[in-house]
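J.: Sending over run_32.pdb (PDB, C-alpha atoms).
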ATOM      1  CA  MET A   1      14.038 -12.406 181.438
ATOM      2  CA  THR A   2      13.676 -13.145 185.122
ATOM      3  CA  ARG A   3      12.600  -9.595 185.854
ATOM      4  CA  LEU A   4      10.070  -9.627 183.054
ATOM      5  CA  ARG A   5       8.575 -12.849 184.430
ATOM      6  CA  ARG A   6       8.357 -11.382 187.884
ATOM      7  CA  LEU A   7       6.745  -8.202 186.442
ATOM      8  CA  ALA A   8       4.207 -10.279 184.512
ATOM      9  CA  ARG A   9       3.333 -12.342 187.581
ATOM     10  CA  ALA A  10       2.859  -9.155 189.599
ATOM     11  CA  VAL A  11       0.548  -7.657 186.926
ATOM     12  CA  VAL A  12      -1.503 -10.872 186.775
ATOM     13  CA  ARG A  13      -1.861 -10.981 190.542
ATOM     14  CA  ARG A  14      -3.044  -7.365 190.602
ATOM     15  CA  THR A  15      -5.481  -7.805 187.720
ATOM     16  CA  ARG A  16      -7.111 -10.683 189.494
ATOM     17  CA  GLY A  17      -8.499  -8.276 192.005
ATOM     18  CA  LEU A  18     -10.009  -5.880 189.410
ATOM     19  CA  SER A  19     -13.654  -5.733 188.502
ATOM     20  CA  ARG A  20     -15.061  -6.235 185.049
ATOM     21  CA  TRP A  21     -15.413  -2.480 184.472
ATOM     22  CA  GLN A  22     -11.878  -1.872 185.599
ATOM     23  CA  LEU A  23     -10.596  -4.556 183.263
ATOM     24  CA  ALA A  24     -12.573  -3.074 180.370
ATOM     25  CA  GLY A  25     -11.167   0.411 181.022
ATOM     26  CA  LEU A  26      -7.694  -1.014 181.235
ATOM     27  CA  ILE A  27      -8.190  -2.796 177.925
ATOM     28  CA  VAL A  28      -9.283   0.505 176.282
ATOM     29  CA  ILE A  29      -6.675   2.729 177.891
ATOM     30  CA  VAL A  30      -3.638   0.569 177.186
ATOM     31  CA  PRO A  31      -4.056   0.456 173.339
ATOM     32  CA  LEU A  32      -5.014   4.135 173.372
ATOM     33  CA  ALA A  33      -1.848   4.962 175.283
ATOM     34  CA  LEU A  34       0.144   2.898 172.862
ATOM     35  CA  GLY A  35      -1.480   4.768 169.884
ATOM     36  CA  LEU A  36      -0.802   8.146 171.384
ATOM     37  CA  GLY A  37       2.814   7.169 171.801
ATOM     38  CA  GLN A  38       3.047   6.337 168.092
ATOM     39  CA  VAL A  39       1.418   9.625 167.156
ATOM     40  CA  ALA A  40       3.811  11.486 169.402
ATOM     41  CA  ALA A  41       6.692   9.645 167.798
ATOM     42  CA  VAL A  42       5.446  10.591 164.318
ATOM     43  CA  VAL A  43       4.994  14.219 165.371
ATOM     44  CA  ALA A  44       8.437  14.252 166.892
ATOM     45  CA  LEU A  45       9.893  12.775 163.690
ATOM     46  CA  ALA A  46       8.102  15.392 161.577
ATOM     47  CA  ALA A  47       9.383  18.145 163.825
ATOM     48  CA  VAL A  48      12.889  16.799 163.495
ATOM     49  CA  LEU A  49      12.585  16.678 159.694
ATOM     50  CA  TYR A  50      11.187  20.236 159.580
ATOM     51  CA  LEU A  51      13.936  21.572 161.780
ATOM     52  CA  SER A  52      16.517  19.758 159.644
ATOM     53  CA  HIS A  53      15.056  21.360 156.505
ATOM     54  CA  ARG A  54      15.085  24.811 158.091
ATOM     55  CA  ILE A  55      18.628  24.351 159.296
ATOM     56  CA  GLY A  56      19.701  23.153 155.830
ATOM     57  CA  GLY A  57      18.051  26.207 154.181
ATOM     58  CA  ALA A  58      19.726  28.530 156.641
ATOM     59  CA  ASN A  59      23.048  26.844 155.932
ATOM     60  CA  ARG A  60      22.608  27.242 152.168
ATOM     61  CA  ALA A  61      21.629  30.905 152.632
ATOM     62  CA  ASN A  62      24.728  31.446 154.736
ATOM     63  CA  GLN A  63      26.905  29.814 152.099
ATOM     64  CA  GLU A  64      25.344  32.001 149.367
ATOM     65  CA  ALA A  65      25.902  35.092 151.487
ATOM     66  CA  VAL A  66      29.516  34.057 152.039
ATOM     67  CA  ARG A  67      30.009  33.605 148.293
ATOM     68  CA  GLU A  68      28.501  37.028 147.553
ATOM     69  CA  LEU A  69      30.656  38.593 150.234
ATOM     70  CA  ARG A  70      33.746  36.900 148.809
ATOM     71  CA  ALA A  71      32.896  38.184 145.295
ATOM     72  CA  THR A  72      32.347  41.704 146.644
ATOM     73  CA  VAL A  73      35.642  41.598 148.509
ATOM     74  CA  GLU A  74      37.492  40.328 145.422
ATOM     75  CA  GLN A  75      35.930  43.065 143.259
ATOM     76  CA  LEU A  76      36.870  45.668 145.852
ATOM     77  CA  GLN A  77      40.412  44.318 145.927
ATOM     78  CA  ARG A  78      40.677  44.575 142.139
ATOM     79  CA  ARG A  79      39.443  48.171 142.257
ATOM     80  CA  VAL A  80      41.885  49.055 145.003
ATOM     81  CA  ILE A  81      44.767  47.453 143.091
ATOM     82  CA  ALA A  82      43.782  49.301 139.890
ATOM     83  CA  ALA A  83      43.535  52.610 141.765
ATOM     84  CA  VAL A  84      46.908  52.050 143.415
ATOM     85  CA  GLU A  85      48.482  51.150 140.061
ATOM     86  CA  LYS A  86      46.988  54.282 138.457
ATOM     87  CA  GLU A  87      48.306  56.466 141.235
ATOM     88  CA  ARG A  88      51.691  54.758 140.968
ATOM     89  CA  LEU A  89      51.877  55.512 137.239
ATOM     90  CA  ALA A  90      50.737  59.085 137.819
ATOM     91  CA  ALA A  91      53.343  59.482 140.522
ATOM     92  CA  GLY A  92      55.954  58.118 138.105
ATOM     93  CA  ASP A  93      54.920  60.642 135.459
ATOM     94  CA  ARG A  94      55.041  63.473 137.965
ATOM     95  CA  HIS A  95      58.443  62.302 139.121
ATOM     96  CA  GLN A  96      59.672  62.306 135.527
ATOM     97  CA  GLU A  97      58.265  65.795 134.931
ATOM     98  CA  VAL A  98      59.932  67.083 138.085
ATOM     99  CA  THR A  99      63.197  65.418 137.062
ATOM    100  CA  GLU A 100      63.058  66.991 133.595
ATOM    101  CA  ALA A 101      62.199  70.389 135.085
ATOM    102  CA  MET A 102      65.140  70.098 137.452
ATOM    103  CA  ALA A 103      67.387  69.093 134.553
ATOM    104  CA  ARG A 104      66.226  72.121 132.548
ATOM    105  CA  THR A 105      66.846  74.325 135.552
ATOM    106  CA  GLU A 106      70.324  72.900 135.930
ATOM    107  CA  ARG A 107      71.025  73.545 132.247
ATOM    108  CA  LEU A 108      69.782  77.107 132.566
ATOM    109  CA  THR A 109      71.824  77.703 135.674
ATOM    110  CA  GLY A 110      74.857  76.011 134.118
ATOM    111  CA  ARG A 111      75.758  75.713 130.457
ATOM    112  CA  GLY A 112      72.220  76.714 129.437
ATOM    113  CA  ALA A 113      72.583  80.108 131.055
ATOM    114  CA  GLU A 114      75.938  80.580 129.348
ATOM    115  CA  LEU A 115      74.391  79.709 125.965
ATOM    116  CA  LEU A 116      71.488  82.075 126.563
ATOM    117  CA  LEU A 117      73.851  84.896 127.469
ATOM    118  CA  ARG A 118      75.924  84.193 124.359
ATOM    119  CA  GLU A 119      72.826  84.371 122.138
ATOM    120  CA  GLN A 120      71.705  87.599 123.781
ATOM    121  CA  ARG A 121      75.184  89.071 123.290
ATOM    122  CA  GLN A 122      75.075  88.141 119.604
ATOM    123  CA  GLU A 123      71.712  89.843 119.174
ATOM    124  CA  ILE A 124      72.960  93.001 120.904
ATOM    125  CA  GLU A 125      76.064  93.069 118.698
ATOM    126  CA  ALA A 126      73.882  92.613 115.599
ATOM    127  CA  LEU A 127      71.654  95.490 116.718
ATOM    128  CA  PHE A 128      74.688  97.798 117.066
ATOM    129  CA  GLN A 129      75.894  96.808 113.575
ATOM    130  CA  LEU A 130      72.443  97.468 112.137
ATOM    131  CA  PHE A 131      72.335 101.037 113.414
ATOM    132  CA  GLN A 132      75.887 101.592 112.169
ATOM    133  CA  ALA A 133      74.780 100.564 108.666
ATOM    134  CA  VAL A 134      71.427 102.383 108.706
ATOM    135  CA  THR A 135      70.596 105.909 109.817
ATOM    136  CA  PRO A 136      66.832 105.904 110.359
ATOM    137  CA  ARG A 137      64.685 108.985 109.985
ATOM    138  CA  ALA A 138      62.030 107.685 112.389
ATOM    139  CA  PRO A 139      61.812 105.090 115.172
ATOM    140  CA  MET A 140      62.549 101.689 113.681
ATOM    141  CA  PRO A 141      59.934  98.948 114.106
ATOM    142  CA  THR A 142      60.623  96.076 116.436
ATOM    143  CA  ALA A 143      61.846  92.899 114.831
ATOM    144  CA  GLY A 144      58.627  91.055 115.611
ATOM    145  CA  PRO A 145      58.023  87.404 116.515
ATOM    146  CA  GLY A 146      60.461  84.958 114.950
ATOM    147  CA  LEU A 147      62.676  87.774 113.554
ATOM    148  CA  GLN A 148      65.819  88.692 115.481
ATOM    149  CA  PRO A 149      68.414  91.467 114.918
ATOM    150  CA  THR A 150      70.792  88.846 113.480
ATOM    151  CA  ASP A 151      68.144  88.008 110.859
ATOM    152  CA  LEU A 152      67.776  91.670 109.895
ATOM    153  CA  LEU A 153      71.556  92.040 109.785
ATOM    154  CA  GLY A 154      71.772  89.185 107.284
ATOM    155  CA  LEU A 155      69.297  90.874 104.920
ATOM    156  CA  VAL A 156      70.917  94.296 105.221
ATOM    157  CA  HIS A 157      74.354  92.749 104.670
ATOM    158  CA  VAL A 158      73.464  90.911 101.448
ATOM    159  CA  ALA A 159      71.562  93.925 100.077
ATOM    160  CA  SER A 160      74.417  96.318 100.799
ATOM    161  CA  GLU A 161      77.005  93.912  99.428
ATOM    162  CA  ARG A 162      75.223  92.923  96.180
ATOM    163  CA  ARG A 163      73.635  96.361  95.461
ATOM    164  CA  PRO A 164      70.807  94.772  93.405
ATOM    165  CA  GLY A 165      68.826  96.733  90.862
ATOM    166  CA  LEU A 166      65.520  94.989  91.639
ATOM    167  CA  THR A 167      64.784  93.165  94.862
ATOM    168  CA  VAL A 168      61.562  91.198  95.305
ATOM    169  CA  ALA A 169      60.613  90.180  98.847
ATOM    170  CA  LEU A 170      57.832  87.635  99.267
ATOM    171  CA  GLY A 171      56.277  88.741 102.535
ATOM    172  CA  CYS A 172      56.440  92.182 104.133
ATOM    173  CA  GLY A 173      57.061  93.299 107.698
ATOM    174  CA  PRO A 174      59.688  95.141 109.759
ATOM    175  CA  ALA A 175      62.403  93.679 107.505
ATOM    176  CA  THR A 176      60.923  95.667 104.587
ATOM    177  CA  VAL A 177      61.859  98.954 106.268
ATOM    178  CA  TRP A 178      65.429  97.802 106.936
ATOM    179  CA  LEU A 179      65.790  96.544 103.354
ATOM    180  CA  GLY A 180      64.431  99.856 102.072
ATOM    181  CA  TYR A 181      67.167 101.763 103.905
ATOM    182  CA  ALA A 182      69.861  99.309 102.727
ATOM    183  CA  LEU A 183      68.826  99.709  99.073
ATOM    184  CA  ALA A 184      68.199 103.451  99.183
ATOM    185  CA  GLY A 185      71.911 104.291  99.073
ATOM    186  CA  SER A 186      72.504 102.322  95.875
ATOM    187  CA  GLY A 187      69.308 103.423  94.182
ATOM    188  CA  GLY A 188      67.919  99.894  94.113
ATOM    189  CA  ARG A 189      64.213  99.179  93.756
ATOM    190  CA  LEU A 190      62.347  97.068  96.319
ATOM    191  CA  VAL A 191      58.976  95.403  95.695
ATOM    192  CA  ALA A 192      57.446  93.615  98.687
ATOM    193  CA  VAL A 193      54.554  91.200  98.041
ATOM    194  CA  ASP A 194      52.094  90.128 100.721
ATOM    195  CA  HIS A 195      48.598  88.630 100.832
ATOM    196  CA  ASP A 196      47.633  90.002 104.260
ATOM    197  CA  ALA A 197      45.812  93.351 103.982
ATOM    198  CA  GLY A 198      46.486  94.306 107.604
ATOM    199  CA  ARG A 199      50.220  93.715 107.269
ATOM    200  CA  VAL A 200      50.350  95.634 103.997
ATOM    201  CA  SER A 201      48.615  98.640 105.585
ATOM    202  CA  VAL A 202      50.992  98.684 108.576
ATOM    203  CA  VAL A 203      54.132  98.419 106.419
ATOM    204  CA  ARG A 204      52.948 101.145 104.045
ATOM    205  CA  GLY A 205      52.460 103.426 107.058
ATOM    206  CA  LEU A 206      55.967 102.663 108.338
ATOM    207  CA  LEU A 207      57.510 103.345 104.942
ATOM    208  CA  ALA A 208      55.713 106.693 104.786
ATOM    209  CA  GLU A 209      57.018 107.644 108.239
ATOM    210  CA  HIS A 210      60.586 106.890 107.147
ATOM    211  CA  GLY A 211      60.240 108.619 103.783
ATOM    212  CA  LEU A 212      60.968 105.437 101.796
ATOM    213  CA  SER A 213      58.625 106.318  98.960
ATOM    214  CA  SER A 214      60.565 104.245  96.411
ATOM    215  CA  VAL A 215      59.612 100.989  98.135
ATOM    216  CA  GLU A 216      56.508  99.385  96.596
ATOM    217  CA  VAL A 217      54.265  97.109  98.648
ATOM    218  CA  ARG A 218      51.823  95.027  96.631
ATOM    219  CA  GLN A 219      48.861  93.304  98.157
ATOM    220  CA  VAL A 220      48.437  90.131  96.109
ATOM    221  CA  ALA A 221      45.503  87.885  96.810
ATOM    222  CA  PRO A 222      46.241  84.203  97.444
ATOM    223  CA  ALA A 223      45.388  81.734  94.695
ATOM    224  CA  GLU A 224      45.919  78.086  93.874
ATOM    225  CA  LEU A 225      48.984  77.175  91.837
ATOM    226  CA  GLU A 226      49.946  73.928  90.120
ATOM    227  CA  VAL A 227      53.515  72.984  91.007
ATOM    228  CA  GLU A 228      54.955  69.650  89.909
ATOM    229  CA  GLY A 229      51.565  67.990  89.654
ATOM    230  CA  ARG A 230      50.239  69.219  92.988
ATOM    231  CA  THR A 231      48.159  72.218  93.987
ATOM    232  CA  VAL A 232      49.460  74.698  96.575
ATOM    233  CA  ASP A 233      48.223  78.028  97.925
ATOM    234  CA  TRP A 234      50.408  80.868  96.659
ATOM    235  CA  TYR A 235      50.039  84.373  95.266
ATOM    236  CA  ASP A 236      47.909  85.300  92.262
ATOM    237  CA  VAL A 237      50.454  85.061  89.431
ATOM    238  CA  GLU A 238      48.712  87.641  87.236
ATOM    239  CA  GLN A 239      49.370  90.337  89.847
ATOM    240  CA  LEU A 240      53.126  89.753  89.616
ATOM    241  CA  ASP A 241      53.486  91.031  86.044
ATOM    242  CA  GLY A 242      56.364  93.371  85.407
ATOM    243  CA  LEU A 243      58.705  91.743  87.901
ATOM    244  CA  THR A 244      61.592  90.704  85.622
ATOM    245  CA  ASP A 245      65.386  90.831  85.815
ATOM    246  CA  ILE A 246      65.231  90.216  89.552
ATOM    247  CA  ASP A 247      68.687  90.576  91.105
ATOM    248  CA  LEU A 248      67.705  89.527  94.627
ATOM    249  CA  LEU A 249      64.751  87.356  95.631
ATOM    250  CA  VAL A 250      63.922  87.075  99.344
ATOM    251  CA  VAL A 251      61.564  84.242 100.370
ATOM    252  CA  ASP A 252      60.254  84.514 103.932
ATOM    253  CA  SER A 253      58.489  81.250 104.736
ATOM    254  CA  ALA A 254      56.953  82.693 107.920
ATOM    255  CA  LEU A 255      54.961  85.224 105.854
ATOM    256  CA  ALA A 256      54.211  83.159 102.744
ATOM    257  CA  PRO A 257      50.647  81.906 102.171
ATOM    258  CA  VAL A 258      51.874  78.407 101.399
ATOM    259  CA  ALA A 259      52.182  76.254 104.520
ATOM    260  CA  ALA A 260      55.163  74.155 103.447
ATOM    261  CA  GLU A 261      58.099  74.516 101.033
ATOM    262  CA  PRO A 262      57.451  78.140  99.918
ATOM    263  CA  LEU A 263      60.655  78.082  97.866
ATOM    264  CA  ALA A 264      59.305  75.658  95.241
ATOM    265  CA  PRO A 265      56.350  77.798  94.054
ATOM    266  CA  ALA A 266      58.505  80.938  94.245
ATOM    267  CA  LEU A 267      61.075  79.466  91.873
ATOM    268  CA  HIS A 268      58.369  77.913  89.717
ATOM    269  CA  VAL A 269      56.960  81.372  88.988
ATOM    270  CA  LEU A 270      59.930  83.725  89.376
ATOM    271  CA  GLY A 271      62.899  81.475  88.650
ATOM    272  CA  ARG A 272      63.149  82.383  84.961
ATOM    273  CA  ARG A 273      62.669  86.049  85.795
ATOM    274  CA  LEU A 274      65.938  86.178  87.717
ATOM    275  CA  ALA A 275      68.765  88.245  86.264
ATOM    276  CA  VAL A 276      72.151  86.731  85.458
ATOM    277  CA  GLY A 277      74.101  86.298  88.679
ATOM    278  CA  ALA A 278      71.014  86.802  90.815
ATOM    279  CA  ALA A 279      70.779  85.400  94.327
ATOM    280  CA  VAL A 280      67.938  83.880  96.289
ATOM    281  CA  VAL A 281      67.810  84.365 100.052
ATOM    282  CA  VAL A 282      65.617  81.918 101.945
ATOM    283  CA  ASP A 283      65.085  81.305 105.648
ATOM    284  CA  GLU A 284      65.069  77.525 105.367
ATOM    285  CA  GLU A 285      67.288  74.845 103.902
ATOM    286  CA  PRO A 286      66.229  74.212 100.277
ATOM    287  CA  ARG A 287      64.534  70.900  99.637
ATOM    288  CA  VAL A 288      64.428  71.179  95.840
ATOM    289  CA  ALA A 289      66.718  68.618  94.222
ATOM    290  CA  PRO A 290      68.535  69.182  90.888
ATOM    291  CA  ARG A 291      66.880  67.606  87.869
ATOM    292  CA  GLN A 292      67.932  66.497  84.444
ATOM    293  CA  GLY A 293      66.574  68.399  81.452
ATOM    294  CA  GLY A 294      65.896  71.601  83.405
ATOM    295  CA  GLY A 295      64.252  72.288  86.724
ATOM    296  CA  PHE A 296      65.758  73.832  89.788
ATOM    297  CA  GLY A 297      69.442  73.519  90.579
ATOM    298  CA  LEU A 298      70.160  75.035  93.984
ATOM    299  CA  THR A 299      73.343  75.241  95.968
ATOM    300  CA  VAL A 300      73.874  77.042  99.256
ATOM    301  CA  ARG A 301      76.522  79.658  98.654
ATOM    302  CA  ARG A 302      76.811  80.708 102.268
ATOM    303  CA  ARG A 303      74.970  81.080 105.499
ATOM    304  CA  LEU A 304      74.096  84.659 106.329
ATOM    305  CA  PRO A 305      73.819  86.060 109.848
ATOM    306  CA  GLY A 306      70.632  84.834 111.453
ATOM    307  CA  ARG A 307      68.335  82.326 109.822
ATOM    308  CA  TRP A 308      68.995  83.166 106.161
ATOM    309  CA  ALA A 309      70.916  81.254 103.495
ATOM    310  CA  GLU A 310      72.049  82.681 100.152
ATOM    311  CA  LEU A 311      71.445  80.378  97.195
ATOM    312  CA  THR A 312      72.920  80.474  93.704
ATOM    313  CA  GLN A 313      72.137  78.806  90.365
ATOM    314  CA  ALA A 314      68.389  79.187  90.782
ATOM    315  CA  VAL A 315      66.818  78.311  87.421
ATOM    316  CA  ALA A 316      63.211  77.518  86.552
ATOM    317  CA  THR A 317      62.073  75.568  83.500
ATOM    318  CA  THR A 318      59.136  77.666  82.288
ATOM    319  CA  PRO A 319      57.964  81.129  83.305
ATOM    320  CA  VAL A 320      54.351  81.388  84.392
TER     321      VAL A 320
END
Take the structure I supplied and represent it as structure tokens, if you would.
T.:
Amino acid sequence: MTRLRRLARAVVRRTRGLSRWQLAGLIVIVPLALGLGQVAAVVALAAVLYLSHRIGGANRANQEAVRELRATVEQLQRRVIAAVEKERLAAGDRHQEVTEAMARTERLTGRGAELLLREQRQEIEALFQLFQAVTPRAPMPTAGPGLQPTDLLGLVHVASERRPGLTVALGCGPATVWLGYALAGSGGRLVAVDHDAGRVSVVRGLLAEHGLSSVEVRQVAPAELEVEGRTVDWYDVEQLDGLTDIDLLVVDSALAPVAAEPLAPALHVLGRRLAVGAAVVVDEEPRVAPRQGGGFGLTVRRRLPGRWAELTQAVATTPV
């Protein structure tokens, strides 16, 4: 307060010496200076507000950018984790495959190799027995896929042992030639039935080379057949006329036109045409159950060498 009083007294003393024009200018300048100060203050406040708004916008933009970056990073992390997990599973599968391959190799080099050698020895022994039982007049055909010397030995053995009068083989191939030789000594008749024209032509040529003119090969077209309320693909029944009193029936499922259970349609058509004491040789376990009031009654008499089984008591209800 004391300083303000002194300042006021000094201003009054100095203004006393001013002229009227000087006083008037001072009166105009002072309010104008005060107004300019207010304007400057307002401008400064506006500038501060503008800068605050810009800074706030920049801050929000930075936050949005940070959020987008965080989302991108999280998405990338998920992709990396998924890729790593996929590779881990693939590596596990490969490890399992390698382990199984090593196990197979160990079996082959250990007991597996011994088993393989035993099977090969059995096939070689069967081949020697075949050529002891049969004296071919021409080079014998190879066994073919799925047919081994032990399989051929089983057919030749049952044919030589039973000495059937009429043998019907459903399906023809290299086994037809071996069966023809086995039956030739006893004067038996062999009729081979097949639906494949190419196979029939090849087998007929082989039989001619070996001089087995008594063997008949019939090409029978496939046709639908009703068996136990269902329709299956089998041979045309009308082309099987004349085949009665069959002593030996051979059913080769690998060559039959029916895809599954070839024994059922064979017995449905030819079962009642079997002679007394006839046998059925099939290369699969029978799946036909006995029935009351007729039907098929099958029992496995014995296992033959190779894949064959000899069945007995094969009876069909009605001939077709």
J.: Between A:Leu179, A:Val168, A:Ala82, A:Val73, which one has atoms that come closest to Val251 in chain A, using only C-alpha atoms?
T.: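 Closest residue, counting only C-alpha atoms: A:Val168.
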J.: Residues within 12 Å of (60.4, 94.6, 111.5), file coordinates, counting all atoms listed in the file: what are they? Give the list as a ChimeraX atom specification.
T.: /A:139-149,151-153,155,171-180,199,202-203,206-207
J.: Applied to this file, what does the PyMOL selection byres ((chain A and resi 280) around 7) return in terms of residues, put as an MDAnalysis selection string?
T.: chainID A and resid 248:250 278:279 281:282 310:312
J.: Calculate how many Å separate CA of Val220 in chain A from CA of Asp196 in chain A, rounding to one decimal.
T.: 8.2 Å
J.: Could you check how far CA of Leu166 in chain A sits from CA of Asp245 in chain A, in Å to one decimal?
T.: 7.2 Å
J.: Excluding same-chain residues fewer than 2 positions from Tyr235 in chain A, what lies within 10 Å of it counting only C-alpha atoms, as a VMD selection string?
T.: chain A and resid 170 193 to 195 219 to 225 232 to 233 237 to 240 256 to 258 265 to 266 269
J.: Residues picked by the PyMOL selection byres ((chain A and resi 116-133) around 8) here, as a VMD selection string?
T.: chain A and resid 108 112 to 115 134 to 136 148 to 150 152 to 153 156 182
J.: One decimal, Å: what's the distance from CA of His210 in chain A over to CA of Ser186 in chain A, could you say?
T.: 17.0 Å
J.: I need the residue nearest Asp241 in chain A from this list: A:Val80, A:Leu267, A:Val191, A:Val227. Use only C-alpha atoms for the distance.
T.: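 Closest to Asp241 in chain A of all the choices is A:Val191.
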J.: Which residues are near Ala208 in chain A? Cut-off 12 Å, only C-alpha atoms, ignore same chain within fewer than 4 positions. Put them as a list of chain:residue names.
T.: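 Neighbouring residues, sequence-local ones excluded: A:Arg137, A:Ala138, A:Val177, A:Gly180, A:Ser201, A:Val202, A:Val203, A:Arg204, A:Leu212, A:Ser213, A:Ser214, A:Val215, A:Glu216, A:Val217.
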J.: Taking only C-alpha atoms into account, which of A:Ala184, A:Ala65, A:Ile246, A:Leu76 comes nearest Arg272 in chain A?
T.: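 Ranked by minimum distance to Arg272 in chain A, first place goes to A:Ile246.
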J.: Could range 167-186 of chain A be completed with N, CA and C atoms and written as a PDB file, keeping the file's coordinate frame, please?
T.:
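Contents of the output file part-v9.pdb:
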ATOM      1  N   THR A 167      64.928  94.150  93.791  1.00  0.00           N
ATOM      2  CA  THR A 167      64.784  93.165  94.862  1.00  0.00           C
ATOM      3  C   THR A 167      63.302  92.888  95.052  1.00  0.00           C
ATOM      4  N   VAL A 168      62.939  91.617  95.059  1.00  0.00           N
ATOM      5  CA  VAL A 168      61.562  91.198  95.305  1.00  0.00           C
ATOM      6  C   VAL A 168      61.552  90.400  96.611  1.00  0.00           C
ATOM      7  N   ALA A 169      60.744  90.856  97.551  1.00  0.00           N
ATOM      8  CA  ALA A 169      60.613  90.180  98.847  1.00  0.00           C
ATOM      9  C   ALA A 169      59.211  89.602  98.947  1.00  0.00           C
ATOM     10  N   LEU A 170      59.121  88.307  99.106  1.00  0.00           N
ATOM     11  CA  LEU A 170      57.832  87.635  99.267  1.00  0.00           C
ATOM     12  C   LEU A 170      57.485  87.622 100.754  1.00  0.00           C
ATOM     13  N   GLY A 171      56.619  88.538 101.136  1.00  0.00           N
ATOM     14  CA  GLY A 171      56.277  88.741 102.535  1.00  0.00           C
ATOM     15  C   GLY A 171      56.819  90.081 103.000  1.00  0.00           C
ATOM     16  N   CYS A 172      55.989  90.872 103.664  1.00  0.00           N
ATOM     17  CA  CYS A 172      56.440  92.182 104.133  1.00  0.00           C
ATOM     18  C   CYS A 172      56.272  92.255 105.647  1.00  0.00           C
ATOM     19  N   GLY A 173      57.079  93.140 106.253  1.00  0.00           N
ATOM     20  CA  GLY A 173      57.061  93.299 107.698  1.00  0.00           C
ATOM     21  C   GLY A 173      58.139  94.292 108.101  1.00  0.00           C
ATOM     22  N   PRO A 174      58.619  94.229 109.339  1.00  0.00           N
ATOM     23  CA  PRO A 174      59.688  95.141 109.759  1.00  0.00           C
ATOM     24  C   PRO A 174      60.937  95.046 108.888  1.00  0.00           C
ATOM     25  N   ALA A 175      61.218  93.829 108.350  1.00  0.00           N
ATOM     26  CA  ALA A 175      62.403  93.679 107.505  1.00  0.00           C
ATOM     27  C   ALA A 175      62.307  94.528 106.249  1.00  0.00           C
ATOM     28  N   THR A 176      61.088  94.840 105.782  1.00  0.00           N
ATOM     29  CA  THR A 176      60.923  95.667 104.587  1.00  0.00           C
ATOM     30  C   THR A 176      61.505  97.058 104.796  1.00  0.00           C
ATOM     31  N   VAL A 177      61.325  97.627 105.969  1.00  0.00           N
ATOM     32  CA  VAL A 177      61.859  98.954 106.268  1.00  0.00           C
ATOM     33  C   VAL A 177      63.388  98.923 106.270  1.00  0.00           C
ATOM     34  N   TRP A 178      63.969  97.912 106.891  1.00  0.00           N
ATOM     35  CA  TRP A 178      65.429  97.802 106.936  1.00  0.00           C
ATOM     36  C   TRP A 178      65.993  97.596 105.531  1.00  0.00           C
ATOM     37  N   LEU A 179      65.345  96.748 104.728  1.00  0.00           N
ATOM     38  CA  LEU A 179      65.790  96.544 103.354  1.00  0.00           C
ATOM     39  C   LEU A 179      65.672  97.830 102.545  1.00  0.00           C
ATOM     40  N   GLY A 180      64.594  98.585 102.782  1.00  0.00           N
ATOM     41  CA  GLY A 180      64.431  99.856 102.072  1.00  0.00           C
ATOM     42  C   GLY A 180      65.570 100.809 102.335  1.00  0.00           C
ATOM     43  N   TYR A 181      66.022 100.912 103.588  1.00  0.00           N
ATOM     44  CA  TYR A 181      67.167 101.763 103.905  1.00  0.00           C
ATOM     45  C   TYR A 181      68.446 101.233 103.254  1.00  0.00           C
ATOM     46  N   ALA A 182      68.636  99.887 103.283  1.00  0.00           N
ATOM     47  CA  ALA A 182      69.861  99.309 102.727  1.00  0.00           C
ATOM     48  C   ALA A 182      69.960  99.522 101.223  1.00  0.00           C
ATOM     49  N   LEU A 183      68.829  99.546 100.524  1.00  0.00           N
ATOM     50  CA  LEU A 183      68.826  99.709  99.073  1.00  0.00           C
ATOM     51  C   LEU A 183      68.755 101.163  98.643  1.00  0.00           C
ATOM     52  N   ALA A 184      68.365 102.043  99.562  1.00  0.00           N
ATOM     53  CA  ALA A 184      68.199 103.451  99.183  1.00  0.00           C
ATOM     54  C   ALA A 184      69.522 104.077  98.773  1.00  0.00           C
ATOM     55  N   GLY A 185      70.621 103.687  99.397  1.00  0.00           N
ATOM     56  CA  GLY A 185      71.911 104.291  99.073  1.00  0.00           C
ATOM     57  C   GLY A 185      72.389 103.938  97.680  1.00  0.00           C
ATOM     58  N   SER A 186      72.053 102.752  97.196  1.00  0.00           N
ATOM     59  CA  SER A 186      72.504 102.322  95.875  1.00  0.00           C
ATOM     60  C   SER A 186      71.479 102.582  94.785  1.00  0.00           C
TER      61      SER A 186
END
